[in-house]
Each structure stands twice: as C-alpha cells, then as structure tokens.
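Written below as structure tokens is the structure these notes are about.
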Amino acid sequence: MTGHAHEGHAGATAWPLIAVIVVAVAGYLLLARGRRREPRGWSGGRVTSAVIGGVLLAVALLPPVATFAEHDFRGHMLQHLLLGMLAPTALVLGAPLTLLLRSLPAAGRRRVARLLHSRPARVLADPWLALALNLGGMAALYFTPLYQLVVDGQVPHHLVHLHFVLAGYLFGWAVAGPDPAPRRPSVRTRLVVLGVAITAHAALAQLMYAGFLVDVRVPVAELRGAAEIMYYGGDIAELLLAMALLVTWRPTPRKGRRRTQATAVAS
C-alpha cells in the first residue's frame with residue numbers, strides 16, 4: 001500500500017461551516033432560554049448535549065483533527081467518528097425538533113406535525129433505512145474507489161462529511177431520539193436494529209484491520225490503527241445510543257397508542 005495525503009482541506013473552507021454551526025447552536029440556546037422560563041422548563045441536560053454536539057462538529061472540522069485527517073488515515077477515521085457518530089448522537093439527544101415544536105405558534109406546530117406525518121418522513125424514520133444509509137456510506141467509502149476519489153479531490157470531501165453527519169443523525173433519531181417520529185417501532189425492534197448495527201460495524205472494522213476487500217491505499221500501520229479507532233470508537237457511540245434508548249423510553253398509554261408522538265407534542 002502507498003501513503004496518502006490531500007492538502008488544503010483544513011484551511012479556509014472549514015470556516016463557513018463553523019459559522020453555520022455557531023448560528024445553529026446560538027439559535028438553539030435562544031429557544032431553550034425562552035422555554036426555561038415556562039413552568040414546564042427545558043432540560044439543562046438537553047442543552048448540554050446540543051452544545052457538546054456542536055463543539056464536536058467544530059473540533060472535527062478544525063485543526064488539529066482536520067490537519068491530522070489530511071495526512072494520516074487514522075486522523076481521517078477519528079474525524080469520521082466525531083462527524084458520523086459522536087456529534088450526531090449528542091445533537092439528537094438535545095431534542096431540537098421538540099424544542100422547535102414548543103417554540104412555534106399553534107399554526108407552525110400543525111405544519112411541522114403534517115410534515116412528520118408525510119410519506120417521506122415515514123420512510124426516513126424507518127430505523128432499517130437509517131442503518132442502511134449509515135453502514136452503506138461507510139462500506140462505499142472504504143470498500144470501493146470512492147475514498148481515493150475523495151483524496152484526489154474529484155469528489156468534494158465536505159459532501160462526504162455531510163453524509164456522515166446526516167446519516168448519523170438520522171440513525172440516532174430513528175433508534176433512540178427523544179424527538180417525535182412517525183410510526184416509531186417498538187423498543188425491542190430498535191434494540192434489534194442497534195444490535196445489527198454493532199455487529200456490522202465491528203465486521204467492517206475487522207475487514208479493514210485485515211486489509212481484506214479494502215480499497216484504501218495507505219500504510220498498513222495507518223490502516224490497522226484506523227480500524228481500531230473504528231472498532232472501539234464505534235462501540236462507545238453505539239453504547240451511548242443504547243443507553244439513550246433505554247433511558248428515554250417511556251411506556252405508551254393504552255389510550256394514546258394510535259396517536260404518534262408528533263401529534264402529542266403538537267397538540
């Protein structure tokens with residue numbers, strides 16, 4: 001295997017993304033401040049989780065992590081772990097959709113509820129689809145020529161980063177998110193999905209460690225180090241999701257089984 005390097009990605013191109021993150025976190029904090037004044041309040045733990053998610057995104061996009069990612073495949077995998085697993089999990093646990101619903105007037109809540117009931121939302125909320133997008137993205141990046149195209153600059157690396165973040169957020173929301181979701185499966189089903197994710201994630205990491213079917217041209221030491229980060233870091237992220245699923249789970253009252261969480265929040 002040959003070494004790899006791609007230059008300039010940790011430079012000025014990251015700052016517009018950092019600005020978007022700062023604006024989004026500031027907006028969340030403003031809405032949370034308004035809700036904390038209400039009798040129901042707003043959880044400080046959710047605020048902390050959302051801020052941590054924003055910080056992790058920024059850390060992944062800026063030096064030294066971004067610089068490390070440009071010159072070492074282990075740095076790339078660390079960046080992937082932050083963008084695709086740890087930051088999205090923290091953002092999901094911040095319950096931004098619930099905060100938005102509580103902050104909107106009644107007409108706005110009804111529009112969001114209708115959006116959650118739409119067919120695209122029902123499709124995206126399927127945890128099996130979220131799992132396929134999450135694992136499929138990793139498999140496509142590391143087991144096809146896609147990674148080399150990204151390294152060579154033929155595919156914008158920020159698009160890959162965006163996929164990591166969105167797929168990770170979607171998976172966290174579908175499996176363990178406190179936010180409303182249409183037709184959310186039972187806790188048992190979501191635990192099965194999470195178990196499949198853990199097994200498949202570990203299998204991908206082991207294939208990478210062995211160098212089997214991997215289409216990433218980097219030194220063996222980097223490849224194996226990245227596989228270890230993927231294996232153990234993924235375990236941590238998925239354990240957090242499992243804990244979140246169990247902690248945030250609440251039995252559904254018998255009378256409300258036919259109502260989605262979205263309707264309950266919007267009412």
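Chain labels run A, B, ... following the order of the structure tokens; each chain numbers its residues from 1, and ligands are numbered from 1 in the order shown.
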
For this session: Give me the residues within 9 Å of A:Leu56 as a ChimeraX atom specification, counting only C-alpha atoms and dropping any in the same chain fewer than 5 places off.
Result: /A:51,61,82-83,86-87,90

Give me the stretch 120-223 of chain A side of the contact with stretch 26-50 of chain A, cut-off 12 Å, one line per residue showing its nearest atom pair and distance in Å at one decimal, counting only C-alpha atoms, sorted by chain and residue number, as CSV.
residue,atom,partner,partner_atom,distance
A:Gly177,CA,A:Arg46,CA,11.5
A:Pro178,CA,A:Arg46,CA,9.9
A:Asp179,CA,A:Arg46,CA,11.3

Export all heavy atoms of the chosen residues as a compact mmCIF listing (two decimals), in the first residue's frame?
# COMPACT_ATOMS: atom_id res chain seq x y z
N GLY A 177 -33.85 8.67 19.47
CA GLY A 177 -34.10 10.09 19.64
C GLY A 177 -35.31 10.39 20.51
O GLY A 177 -36.34 9.73 20.38
N PRO A 178 -35.21 11.40 21.39
CA PRO A 178 -36.37 11.81 22.18
C PRO A 178 -37.37 12.62 21.37
O PRO A 178 -38.50 12.83 21.81
CB PRO A 178 -35.74 12.66 23.29
CG PRO A 178 -34.48 13.19 22.69
CD PRO A 178 -33.98 12.12 21.75
N ASP A 179 -36.96 13.10 20.20
CA ASP A 179 -37.87 13.87 19.35
C ASP A 179 -38.97 12.99 18.77
O ASP A 179 -38.77 11.78 18.59
CB ASP A 179 -37.09 14.52 18.20
CG ASP A 179 -36.43 15.82 18.60
OD1 ASP A 179 -36.95 16.49 19.51
OD2 ASP A 179 -35.40 16.17 18.01

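For the residues A:Leu159, A:Leu100, A:Val175, A:Ser118, ranking by smallest atom-to-atom distance to A:Leu240 using only C-alpha atoms places A:Val175 first.
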
Exercise. How many Å separate atom CA of A:Met230 from atom CA of A:Val151?
Worked result: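 Separation of atom CA of A:Met230 and atom CA of A:Val151: 19.0 Å.
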
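Residue nearest A:Arg114 within the list A:Gly211, A:Val22, A:Ala14, A:Pro182: A:Pro182 [criterion: smallest interatomic distance, only C-alpha atoms].
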
For this session: Within 10 Å of A:Ala125, counting only C-alpha atoms, which residues show up once you throw out same-chain ones fewer than 6 positions away? Write them as a ChimeraX atom specification, please.
Result: /A:116,119,170-171,173-175,180-185

Limited to N, CA and C atoms, could you put the picked residues into a file as a tab-separated table (two decimals), in the first residue's frame?
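The file below, again_23.tsv, is the result:
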chain	number	residue	atom	x	y	z
A	116	LEU	N	-44.23	15.69	9.59
A	116	LEU	CA	-43.82	14.44	10.23
A	116	LEU	C	-44.71	13.27	9.81
A	119	ARG	N	-45.31	11.05	3.83
A	119	ARG	CA	-44.69	9.79	3.41
A	119	ARG	C	-43.16	9.84	3.46
A	170	LEU	N	-29.72	10.79	11.44
A	170	LEU	CA	-30.93	10.05	11.10
A	170	LEU	C	-30.99	8.73	11.87
A	171	PHE	N	-29.85	8.05	11.96
A	171	PHE	CA	-29.82	6.77	12.69
A	171	PHE	C	-30.12	6.99	14.17
A	173	TRP	N	-31.75	9.47	15.56
A	173	TRP	CA	-33.15	9.89	15.72
A	173	TRP	C	-34.09	8.70	15.59
A	174	ALA	N	-33.86	7.85	14.60
A	174	ALA	CA	-34.75	6.72	14.36
A	174	ALA	C	-34.66	5.68	15.47
A	175	VAL	N	-33.48	5.52	16.06
A	175	VAL	CA	-33.28	4.46	17.05
A	175	VAL	C	-33.54	4.93	18.47
A	180	PRO	N	-40.13	13.58	18.44
A	180	PRO	CA	-41.21	12.80	17.83
A	180	PRO	C	-40.80	12.25	16.48
A	181	ALA	N	-41.31	11.08	16.16
A	181	ALA	CA	-41.07	10.43	14.88
A	181	ALA	C	-42.32	9.66	14.48
A	182	PRO	N	-42.66	9.63	13.19
A	182	PRO	CA	-43.87	8.92	12.77
A	182	PRO	C	-43.69	7.41	12.80
A	183	ARG	N	-44.69	6.74	13.32
A	183	ARG	CA	-44.72	5.27	13.32
A	183	ARG	C	-43.43	4.66	13.88
A	184	ARG	N	-42.97	5.17	14.99
A	184	ARG	CA	-41.73	4.66	15.57
A	184	ARG	C	-41.92	3.22	16.02
A	185	PRO	N	-41.02	2.32	15.62
A	185	PRO	CA	-41.15	0.91	16.02
A	185	PRO	C	-40.99	0.74	17.53

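When only C-alpha atoms are used to compute distances to A:Leu239, the closest of the residues A:Leu115, A:Thr89, A:Glu222, A:Gly94 turns out to be A:Thr89.
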
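Considering the residues A:Val218, A:Val20, A:Val150, A:Ala202 and counting only C-alpha atoms, A:Gly233 has its shortest atom-to-atom contact with A:Ala202.
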
For this session: Kindly give the distance, in Å, that separates atom CA of A:Val247 and atom CA of A:Tyr169, rounded to a single decimal.
Result: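 That distance, rounded to one decimal, is 18.3 Å.
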
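Residues in contact with A:His163 at 10 Å, where only C-alpha atoms are counted and same-chain residues fewer than 6 positions away are skipped, are listed as Leu83, Gly84, Leu133, Asn134, Gly137, Met138, His157 and Tyr169 of chain A.
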